[in-house]
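protein05.cif (mmCIF, C-alpha atoms (C1' of nucleotides)) appears below.
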data_final
loop_
_atom_site.label_atom_id
_atom_site.label_comp_id
_atom_site.auth_asym_id
_atom_site.auth_seq_id
_atom_site.Cartn_x
_atom_site.Cartn_y
_atom_site.Cartn_z
CA MET A 951 59.61 -13.24 29.27
CA LEU A 952 62.92 -14.88 29.97
CA SER A 953 62.50 -18.44 31.24
CA LYS A 954 63.98 -19.48 34.59
CA LYS A 955 65.99 -22.03 32.68
CA THR A 956 67.78 -19.30 30.76
CA LYS A 957 68.18 -17.13 33.82
CA TYR A 958 69.68 -19.95 35.88
CA GLY A 959 71.81 -21.08 32.97
CA ILE A 960 73.38 -17.64 32.58
CA LYS A 961 73.96 -17.38 36.32
CA ALA A 962 75.67 -20.77 36.33
CA LEU A 963 77.85 -19.80 33.38
CA THR A 964 78.92 -16.56 35.02
CA TYR A 965 79.64 -18.41 38.25
CA LEU A 966 82.00 -20.68 36.32
CA ALA A 967 83.50 -17.72 34.48
CA ARG A 968 84.36 -16.08 37.79
CA GLN A 969 86.52 -18.99 38.96
CA GLU A 970 90.23 -18.20 39.17
CA GLN A 971 91.34 -21.53 37.77
CA ASN A 972 89.15 -23.43 35.39
CA VAL A 973 88.71 -26.45 37.68
CA PRO A 974 85.47 -28.45 37.74
CA VAL A 975 82.74 -27.05 40.01
CA SER A 976 80.02 -29.41 41.21
CA ILE A 977 76.34 -28.87 40.50
CA ALA A 978 75.78 -28.83 44.26
CA THR A 979 78.15 -25.92 44.76
CA ILE A 980 76.61 -23.79 42.00
CA SER A 981 73.14 -24.73 43.24
CA GLU A 982 73.94 -23.46 46.74
CA MET A 983 75.82 -20.33 45.73
CA GLU A 984 73.25 -19.18 43.18
CA ASN A 985 70.11 -20.41 44.96
CA ILE A 986 68.98 -22.73 42.20
CA SER A 987 67.12 -26.02 42.68
CA LEU A 988 69.71 -28.79 42.32
CA LYS A 989 67.82 -31.10 40.02
CA PHE A 990 66.63 -28.29 37.78
CA LEU A 991 70.16 -26.94 37.53
CA GLU A 992 71.41 -30.43 36.72
CA SER A 993 69.20 -30.58 33.62
CA ILE A 994 70.27 -27.08 32.56
CA LEU A 995 73.97 -27.86 32.85
CA LEU A 996 73.39 -31.03 30.86
CA THR A 997 71.94 -28.91 28.06
CA LEU A 998 74.90 -26.55 28.21
CA ARG A 999 77.35 -29.42 28.05
CA LYS A 1000 75.58 -31.06 25.09
CA SER A 1001 75.66 -27.70 23.29
CA GLY A 1002 79.43 -27.61 23.61
CA LEU A 1003 79.72 -24.71 26.04
CA LEU A 1004 80.66 -26.78 29.07
CA GLY A 1005 82.86 -29.77 29.75
CA SER A 1006 82.30 -32.17 32.65
CA LYS A 1007 84.28 -34.51 34.82
CA LYS A 1008 82.67 -37.42 36.63
CA GLY A 1009 83.42 -38.88 40.03
CA LYS A 1010 85.03 -37.40 43.12
CA GLY A 1011 86.36 -33.91 42.48
CA GLY A 1012 84.28 -33.73 39.32
CA GLY A 1013 81.94 -31.05 38.07
CA TYR A 1014 81.46 -28.66 35.19
CA TYR A 1015 83.89 -26.19 33.63
CA LEU A 1016 83.91 -23.77 30.70
CA LEU A 1017 85.37 -25.07 27.46
CA LYS A 1018 86.29 -21.60 26.21
CA ASN A 1019 87.56 -18.30 27.53
CA PRO A 1020 84.64 -16.24 28.85
CA LYS A 1021 85.45 -13.43 26.42
CA ASP A 1022 84.97 -15.87 23.54
CA ILE A 1023 81.50 -16.95 24.65
CA LYS A 1024 78.98 -14.65 23.02
CA MET A 1025 75.55 -14.20 24.52
CA THR A 1026 74.04 -14.92 21.11
CA THR A 1027 75.17 -18.53 21.52
CA VAL A 1028 74.08 -18.74 25.14
CA MET A 1029 70.63 -17.34 24.41
CA ARG A 1030 70.06 -19.62 21.43
CA VAL A 1031 71.05 -22.70 23.44
CA LEU A 1032 68.96 -21.85 26.50
CA GLU A 1033 66.07 -19.73 25.29
CA GLY A 1034 65.82 -20.74 21.64
CA PRO A 1035 65.39 -18.33 18.73
CA ILE A 1036 66.29 -14.70 19.40
CA ALA A 1037 63.55 -13.48 17.06
CA MET A 1038 60.19 -12.89 18.70
CA ILE A 1039 58.31 -14.41 15.79
CA PRO A 1040 59.32 -17.26 13.45
CA CYS A 1041 58.85 -15.21 10.25
CA VAL A 1042 61.84 -13.04 11.17
CA SER A 1043 64.03 -15.79 12.61
CA LEU A 1044 67.38 -16.33 10.91
CA ASN A 1045 67.87 -19.84 12.26
CA TYR A 1046 64.32 -21.09 12.67
CA TYR A 1047 62.40 -19.34 9.89
CA GLU A 1048 58.78 -20.27 9.41
CA LYS A 1049 56.10 -18.59 7.31
CA CYS A 1050 53.00 -17.18 9.01
CA ASP A 1051 49.70 -18.88 8.17
CA ASP A 1052 47.80 -15.62 8.14
CA CYS A 1053 50.09 -13.39 6.07
CA PRO A 1054 49.78 -13.48 2.26
CA THR A 1055 52.83 -11.26 1.73
CA GLU A 1056 55.11 -10.76 4.69
CA THR A 1057 56.79 -7.63 3.34
CA GLU A 1058 53.46 -5.89 3.87
CA CYS A 1059 53.04 -7.11 7.44
CA ALA A 1060 53.45 -4.48 10.13
CA VAL A 1061 54.37 -7.05 12.75
CA HIS A 1062 57.04 -8.46 10.48
CA LEU A 1063 58.55 -5.03 9.94
CA LEU A 1064 58.56 -4.16 13.64
CA MET A 1065 59.95 -7.49 14.72
CA ILE A 1066 62.83 -7.27 12.26
CA ARG A 1067 63.91 -4.08 13.99
CA VAL A 1068 63.65 -5.71 17.41
CA ARG A 1069 65.52 -8.80 16.27
CA ASP A 1070 68.37 -6.77 14.78
CA SER A 1071 68.76 -4.64 17.87
CA ASN A 1072 68.78 -7.65 20.16
CA LEU A 1073 71.17 -9.57 17.93
CA LYS A 1074 73.51 -6.59 18.14
CA ILE A 1075 73.45 -6.59 21.94
CA TYR A 1076 73.88 -10.34 22.31
CA GLY A 1077 76.58 -10.33 19.63
CA GLU A 1078 78.69 -7.66 21.25
CA THR A 1079 78.29 -9.00 24.79
CA SER A 1080 80.39 -11.89 26.04
CA LEU A 1081 80.28 -13.82 29.31
CA ALA A 1082 83.36 -11.87 30.33
CA ASP A 1083 81.50 -8.58 29.90
CA LEU A 1084 78.87 -9.72 32.36
CA ILE A 1085 81.19 -10.48 35.26
CA ASN A 1086 82.93 -7.10 35.38
CA TYR A 1087 80.72 -5.36 37.89
CA MET B 924 58.04 -15.24 21.66
CA LEU B 925 55.34 -12.83 20.63
CA SER B 926 51.85 -14.12 21.42
CA LYS B 927 49.25 -14.49 18.68
CA LYS B 928 47.15 -12.09 20.67
CA THR B 929 49.74 -9.33 20.25
CA LYS B 930 50.38 -10.21 16.64
CA TYR B 931 46.67 -10.12 15.76
CA GLY B 932 46.16 -6.98 17.83
CA ILE B 933 48.85 -5.09 15.94
CA LYS B 934 47.49 -6.30 12.61
CA ALA B 935 44.01 -5.13 13.55
CA LEU B 936 45.32 -1.74 14.67
CA THR B 937 47.23 -1.24 11.43
CA TYR B 938 44.17 -2.28 9.46
CA LEU B 939 42.21 0.46 11.19
CA ALA B 940 45.06 2.92 10.72
CA ARG B 941 44.99 2.31 6.96
CA GLN B 942 41.35 3.39 6.61
CA GLU B 943 40.87 6.64 4.71
CA GLN B 944 38.15 7.95 7.00
CA ASN B 945 38.04 6.96 10.61
CA VAL B 946 34.67 5.20 10.35
CA PRO B 947 33.83 2.13 12.43
CA VAL B 948 35.00 -1.19 10.97
CA SER B 949 33.28 -4.38 12.11
CA ILE B 950 35.12 -7.23 13.78
CA ALA B 951 33.91 -9.48 10.97
CA THR B 952 35.57 -7.33 8.33
CA ILE B 953 38.91 -7.21 10.09
CA SER B 954 38.67 -10.93 10.82
CA GLU B 955 38.23 -11.73 7.13
CA MET B 956 40.79 -9.29 5.79
CA GLU B 957 43.51 -10.28 8.21
CA ASN B 958 42.70 -13.99 8.54
CA ILE B 959 42.06 -13.91 12.25
CA SER B 960 39.54 -16.09 14.10
CA LEU B 961 36.48 -13.92 14.72
CA LYS B 962 35.88 -14.74 18.36
CA PHE B 963 39.55 -14.46 19.28
CA LEU B 964 39.77 -11.12 17.52
CA GLU B 965 36.65 -9.99 19.37
CA SER B 966 38.33 -10.50 22.73
CA ILE B 967 41.48 -8.74 21.55
CA LEU B 968 39.59 -5.69 20.31
CA LEU B 969 37.74 -5.60 23.62
CA THR B 970 41.09 -5.36 25.39
CA LEU B 971 42.23 -2.59 23.08
CA ARG B 972 39.04 -0.66 23.65
CA LYS B 973 39.25 -1.01 27.43
CA SER B 974 42.84 0.23 27.28
CA GLY B 975 41.69 3.42 25.59
CA LEU B 976 43.23 2.84 22.17
CA LEU B 977 39.99 2.05 20.37
CA GLY B 978 36.47 3.39 20.42
CA SER B 979 33.44 1.34 19.45
CA LYS B 980 29.98 1.86 18.08
CA LYS B 981 27.22 -0.65 18.64
CA GLY B 982 24.40 -1.73 16.36
CA LYS B 983 24.06 -1.68 12.59
CA GLY B 984 26.96 0.13 10.91
CA GLY B 985 28.95 -0.17 14.11
CA GLY B 986 32.45 -1.39 14.71
CA TYR B 987 35.80 -0.25 16.06
CA TYR B 988 37.82 2.85 15.26
CA LEU B 989 41.05 4.46 16.42
CA LEU B 990 40.72 7.12 19.10
CA LYS B 991 43.95 8.84 18.11
CA ASN B 992 45.94 9.68 15.04
CA PRO B 993 48.14 6.67 14.08
CA LYS B 994 51.27 8.80 14.40
CA ASP B 995 50.37 9.46 18.04
CA ILE B 996 50.03 5.79 18.95
CA LYS B 997 53.42 4.57 20.08
CA MET B 998 54.24 0.89 19.96
CA THR B 999 55.36 1.09 23.59
CA THR B 1000 51.71 1.53 24.54
CA VAL B 1001 50.47 -1.13 22.16
CA MET B 1002 53.00 -3.68 23.37
CA ARG B 1003 52.28 -3.02 27.02
CA VAL B 1004 48.54 -3.40 26.49
CA LEU B 1005 48.74 -6.57 24.42
CA GLU B 1006 51.92 -8.35 25.46
CA GLY B 1007 52.50 -6.98 28.95
CA PRO B 1008 55.82 -5.72 30.31
CA ILE B 1009 58.48 -4.88 27.75
CA ALA B 1010 61.25 -6.06 30.08
CA MET B 1011 62.16 -9.72 29.73
CA ILE B 1012 62.47 -10.15 33.49
CA PRO B 1013 60.53 -8.44 36.32
CA CYS B 1014 63.67 -7.15 38.09
CA VAL B 1015 64.35 -4.75 35.21
CA SER B 1016 60.75 -3.77 34.52
CA LEU B 1017 59.90 -0.10 34.88
CA ASN B 1018 56.17 -0.64 35.26
CA TYR B 1019 55.99 -4.07 36.86
CA TYR B 1020 59.14 -4.27 38.98
CA GLU B 1021 59.58 -7.31 41.17
CA LYS B 1022 62.62 -8.50 43.07
CA CYS B 1023 64.14 -11.90 42.21
CA ASP B 1024 63.94 -14.57 44.92
CA ASP B 1025 67.36 -15.91 44.13
CA CYS B 1026 69.42 -12.71 43.90
CA PRO B 1027 70.87 -11.19 47.10
CA THR B 1028 72.10 -8.04 45.31
CA GLU B 1029 70.77 -7.39 41.86
CA THR B 1030 73.52 -4.99 40.84
CA GLU B 1031 75.84 -8.00 40.86
CA CYS B 1032 73.56 -10.17 38.73
CA ALA B 1033 74.75 -10.81 35.19
CA VAL B 1034 71.23 -11.49 33.95
CA HIS B 1035 70.05 -8.20 35.42
CA LEU B 1036 72.83 -6.28 33.69
CA LEU B 1037 72.21 -7.93 30.32
CA MET B 1038 68.45 -7.55 30.50
CA ILE B 1039 68.72 -3.84 31.27
CA ARG B 1040 70.56 -3.39 27.98
CA VAL B 1041 67.93 -5.40 26.11
CA ARG B 1042 65.10 -3.51 27.77
CA ASP B 1043 66.58 -0.12 26.93
CA SER B 1044 67.17 -1.00 23.33
CA ASN B 1045 63.66 -2.38 22.90
CA LEU B 1046 62.11 0.58 24.68
CA LYS B 1047 63.95 2.83 22.26
CA ILE B 1048 62.53 0.99 19.24
CA TYR B 1049 58.97 0.84 20.54
CA GLY B 1050 59.21 4.45 21.65
CA GLU B 1051 60.30 5.81 18.32
CA THR B 1052 57.92 3.68 16.27
CA SER B 1053 54.27 4.67 15.86
CA LEU B 1054 51.39 2.86 14.19
CA ALA B 1055 51.79 5.29 11.31
CA ASP B 1056 55.39 4.17 10.80
CA LEU B 1057 54.24 0.59 10.34
CA ILE B 1058 51.77 1.22 7.51
CA ASN B 1059 54.18 2.99 5.17
CA TYR B 1060 55.41 -0.01 3.24
"C1'" DT C 553 7.70 -1.79 16.54
"C1'" DT C 554 10.07 -5.58 15.00
"C1'" DT C 555 14.10 -7.28 12.93
"C1'" DT C 556 18.78 -7.51 12.34
"C1'" DA C 557 23.48 -6.16 12.68
"C1'" DA C 558 27.05 -5.62 15.73
"C1'" DC C 559 29.42 -5.08 20.01
"C1'" DC C 560 29.61 -6.73 25.30
"C1'" DC C 561 31.09 -10.01 28.60
"C1'" DT C 562 31.95 -14.25 31.25
"C1'" DA C 563 33.11 -18.80 31.43
"C1'" DT C 564 35.35 -22.73 29.85
"C1'" DA C 565 38.29 -26.07 27.47
"C1'" DG C 566 42.13 -28.13 24.91
"C1'" DA C 567 46.98 -27.66 23.84
"C1'" DT C 568 51.36 -26.27 24.93
"C1'" DT C 569 55.08 -24.71 27.76
"C1'" DT C 570 57.35 -24.13 32.07
"C1'" DA C 571 59.48 -25.48 36.16
"C1'" DG C 572 60.60 -28.60 38.37
"C1'" DT C 573 60.88 -33.85 40.65
"C1'" DA C 574 61.87 -38.84 40.75
"C1'" DG C 575 64.76 -42.35 40.30
"C1'" DG C 576 67.95 -45.18 38.71
"C1'" DG C 577 72.48 -45.66 35.86
"C1'" DT C 578 77.50 -44.84 35.11
"C1'" DA C 579 82.13 -43.22 35.78
"C1'" DT C 580 86.05 -41.89 38.85
"C1'" DC C 581 88.88 -41.33 42.85
"C1'" DG C 582 90.89 -42.85 47.13
"C1'" DC D 775 84.82 -51.35 47.38
"C1'" DG D 776 82.35 -47.33 48.49
"C1'" DA D 777 81.53 -42.63 48.29
"C1'" DT D 778 81.06 -38.82 45.15
"C1'" DA D 779 79.32 -36.71 41.27
"C1'" DC D 780 77.66 -36.57 36.65
"C1'" DC D 781 74.17 -39.01 33.07
"C1'" DC D 782 69.67 -39.62 31.33
"C1'" DT D 783 64.72 -40.53 30.82
"C1'" DA D 784 60.34 -39.97 32.26
"C1'" DC D 785 56.84 -37.81 34.59
"C1'" DT D 786 53.84 -34.20 36.73
"C1'" DA D 787 51.69 -29.96 38.54
"C1'" DA D 788 50.84 -25.39 37.38
"C1'" DA D 789 50.53 -21.72 34.35
"C1'" DT D 790 49.73 -19.71 29.96
"C1'" DC D 791 48.03 -19.52 25.37
"C1'" DT D 792 44.59 -19.91 21.93
"C1'" DA D 793 40.89 -19.97 21.18
"C1'" DT D 794 35.30 -21.24 21.52
"C1'" DA D 795 30.58 -21.04 23.45
"C1'" DG D 796 26.74 -18.67 24.36
"C1'" DG D 797 23.86 -15.47 25.87
"C1'" DG D 798 23.15 -10.18 26.75
"C1'" DT D 799 22.78 -5.33 25.18
"C1'" DT D 800 22.50 -1.51 21.91
"C1'" DA D 801 21.29 0.89 17.79
"C1'" DA D 802 19.81 1.49 13.14
"C1'" DA D 803 16.69 0.27 9.53
"C1'" DA D 804 12.47 -1.84 7.65
#

Conversion result in structure tokens:
Amino acid sequence: MLSKKTKYGIKALTYLARQEQNVPVSIATISEMENISLKFLESILLTLRKSGLLGSKKGKGGGYYLLKNPKDIKMTTVMRVLEGPIAMIPCVSLNYYEKCDDCPTETECAVHLLMIRVRDSNLKIYGETSLADLINY
Amino acid sequence: MLSKKTKYGIKALTYLARQEQNVPVSIATISEMENISLKFLESILLTLRKSGLLGSKKGKGGGYYLLKNPKDIKMTTVMRVLEGPIAMIPCVSLNYYEKCDDCPTETECAVHLLMIRVRDSNLKIYGETSLADLINY
DNA sequence: TTTTAACCCTATAGATTTAGTAGGGTATCG
DNA sequence: CGATACCCTACTAAATCTATAGGGTTAAAA
């Protein structure tokens, strides 16, 4: 299951991507427009800023804004920042690999084999989808 | 992330699928061979039996066995039984659909759009992979 | 018929993760 | 200076996961 954190994070990013000019938008505005709890959203946007996807401006007229063009923000990055590894199991993760305790040889593991297929297919989708692709409805 | 329950369940199913004859195999045997906690495995096999994938035989010489040919057991079924919905979010689930609280119109939701793509691609993989496909390593 | 192997089933508990909430601190603009 | 808005840490309630406990039932073999 996708966490609310990821869901809200993507909604916030697309809200910012839809702005005509790239001026700062306050947490409060995004919170209202997208129906997201203000304090929860605050912590999500903080994560996105620390990851390098968003910039922020403090004080009156401040808020968050995208640091890159929406078409240059791949969902692979967004998902890794918000949801964590794209692989469904550590033994097939490219960035967070970890051996299974219970498998003597992972090439013989059915789960391993299946999850490699799932990982590759999901990586393909996230890799060829950008923020810009998600706002053209 | 894939739960241990699903992981162990798939490993148990493939263990049964690898048997030459379809004779009952005890929980204890599978537990030892696949390094899975006996009691945890017991509850997983119970789930698989109740879902109609496995049959069981009580008493001495008893155990669990597949009710169908491995090539006729699609991973779509296995995943739904063990892990639950294949969709990553209820608003794109075919079998467990639920509307999001925060979305006025879901056709305009970026998350919805993205997760439909992910769901379809995963459904395709699970649909064209059978238990038999996973034991040919 | 008694013993033993093996599944049946419910309840519970500890650990972890999720989804927030609280509350004060800091920077900026007018 | 004071209002606005982000910064950051800590905490908590609820849910989920990963088992474990323990007794009950069935069936085959001695």

Write out as an NGL selection string each polymer residue whose atoms come within 7 Å of stretch 980-987 of chain B, counting only C-alpha atoms (C1' of nucleotides); drop sequence neighbours fewer than 3 positions from it.
(:B and (947-950 or 977)) or (:C and (557-559)) or (:D and (800-802))

For a test of reading the model, state the distance in Å between atom CA of A:Thr964 and atom CA of B:Val1015, rounded to one decimal.
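So the two atoms, atom CA of A:Thr964 and atom CA of B:Val1015, lie 18.8 Å apart.
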
Would you tabulate, counting all atoms listed in the file, all residues of stretch 953-1064 of chain A that have an atom at most 10 Å from an atom of stretch 993-1014 of chain B, showing the closest pair of atoms and their distance in Å to one decimal, sorted by chain then ascending number, as CSV?
residue,atom,partner,partner_atom,distance
A:Ser953,CA,B:Ile1012,CA,8.6
A:Lys954,CA,B:Ile1012,CA,9.5
A:Lys957,CA,B:Ile1012,CA,9.0
A:Leu1064,CA,B:Met998,CA,9.2

For the provided coordinates, the residues matched by the PyMOL selection byres ((chain B and resi 1032) around 10) should be stated as a PyMOL selection string.
(chain A and resi 960-961+964+1084-1085+1087) or (chain B and resi 1026-1031+1033-1037)

Selection file, C-alpha atoms, as a PDB file, in the frame of the given file:
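Heads up, here's the output in out_15.pdb:
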ATOM      1  CA  ILE A 960      73.380 -17.640  32.580  1.00  0.00           C
ATOM      2  CA  LYS A 961      73.960 -17.380  36.320  1.00  0.00           C
ATOM      3  CA  THR A 964      78.920 -16.560  35.020  1.00  0.00           C
ATOM      4  CA  LEU A1084      78.870  -9.720  32.360  1.00  0.00           C
ATOM      5  CA  ILE A1085      81.190 -10.480  35.260  1.00  0.00           C
ATOM      6  CA  TYR A1087      80.720  -5.360  37.890  1.00  0.00           C
TER       7      TYR A1087
ATOM      8  CA  CYS B1026      69.420 -12.710  43.900  1.00  0.00           C
ATOM      9  CA  PRO B1027      70.870 -11.190  47.100  1.00  0.00           C
ATOM     10  CA  THR B1028      72.100  -8.040  45.310  1.00  0.00           C
ATOM     11  CA  GLU B1029      70.770  -7.390  41.860  1.00  0.00           C
ATOM     12  CA  THR B1030      73.520  -4.990  40.840  1.00  0.00           C
ATOM     13  CA  GLU B1031      75.840  -8.000  40.860  1.00  0.00           C
ATOM     14  CA  ALA B1033      74.750 -10.810  35.190  1.00  0.00           C
ATOM     15  CA  VAL B1034      71.230 -11.490  33.950  1.00  0.00           C
ATOM     16  CA  HIS B1035      70.050  -8.200  35.420  1.00  0.00           C
ATOM     17  CA  LEU B1036      72.830  -6.280  33.690  1.00  0.00           C
ATOM     18  CA  LEU B1037      72.210  -7.930  30.320  1.00  0.00           C
TER      19      LEU B1037
END

Taking the point (80.3, -24.6, 33.4) as given in the file, collect each protein or nucleic acid residue that comes within 8 Å of it, counting only C-alpha atoms (C1' of nucleotides), and present the set as a list of chain:residue names.
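Those residues lying close to the given coordinates are A:Ala962, A:Leu963, A:Tyr965, A:Leu966, A:Ala967, A:Pro974, A:Val975, A:Leu995, A:Leu998, A:Arg999, A:Leu1003, A:Leu1004, A:Gly1005, A:Ser1006, A:Tyr1014, A:Tyr1015, A:Leu1016, A:Leu1017.
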
With distances taken over all atoms listed in the file, which of D:DA793, D:DA803, D:DA784, D:DA777 is nearest to chain A?
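Counting all atoms listed in the file, the residue closest to chain A is D:DA777.
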
If the PyMOL selection byres ((chain C and resi 560-570) around 10) were run on this exact file, what residues would it hold? Put them as a PyMOL selection string.
(chain A and resi 953-955) or (chain B and resi 965-966+969+981) or (chain C and resi 558-559+571-572) or (chain D and resi 788-800)

Can you work out the spacing between atom CA of B:Ile967 and atom CA of A:Tyr1046 in Å, to one decimal?
27.4 Å

Record the distance separating atom CA of B:Phe963 and atom CA of B:Asn1018, expressed in Å with one decimal.
26.9 Å

Please enumerate the residues selected by the PyMOL selection byres ((chain D) within 6 of (chain A)) when evaluated against the supplied file, formatted as a list of chain:residue names.
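The output of the PyMOL selection byres ((chain D) within 6 of (chain A)) on this file is D:DT778, D:DA779, D:DC780.
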
Pull out every residue of chain C that has at least one atom within 10 Å of chain A, counting all atoms listed in the file, and report them as JSON, numbers by chain.
{"C": [570, 571, 572, 573, 574, 578, 579, 580, 581, 582]}

Draw an axis-aligned box over all listed atoms of stretch 565-577 of chain C, pad each side with 8 Å, and write its centre and edge lengths in Å, one decimal, as lines of an AutoDock Vina configuration file.
center_x = 55.4
center_y = -34.9
center_z = 32.3
size_x = 50.2
size_y = 37.5
size_z = 32.9

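Closest approach to chain B among A:Cys1050, A:Val973, A:Val1068, A:Leu1044: A:Val1068, based on all atoms listed in the file.
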
Closest of B:Asn992, B:Asn958, B:Asn1059, B:Thr952 to chain A - atom-to-atom distances counting only C-alpha atoms
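Result for the nearest residue to chain A: B:Asn958.
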
If you count all atoms listed in the file, the residue of B:Asp1025, B:Leu1046, B:Asp1056, B:Gln944 closest to chain A turns out to be B:Asp1025

Between A:Ser1043, A:Ser1080, A:Ser1071, A:Ser981, which residue has the minimum interatomic distance to chain B, considering all atoms listed in the file?
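So, comparing all the options, the nearest one is A:Ser1071.
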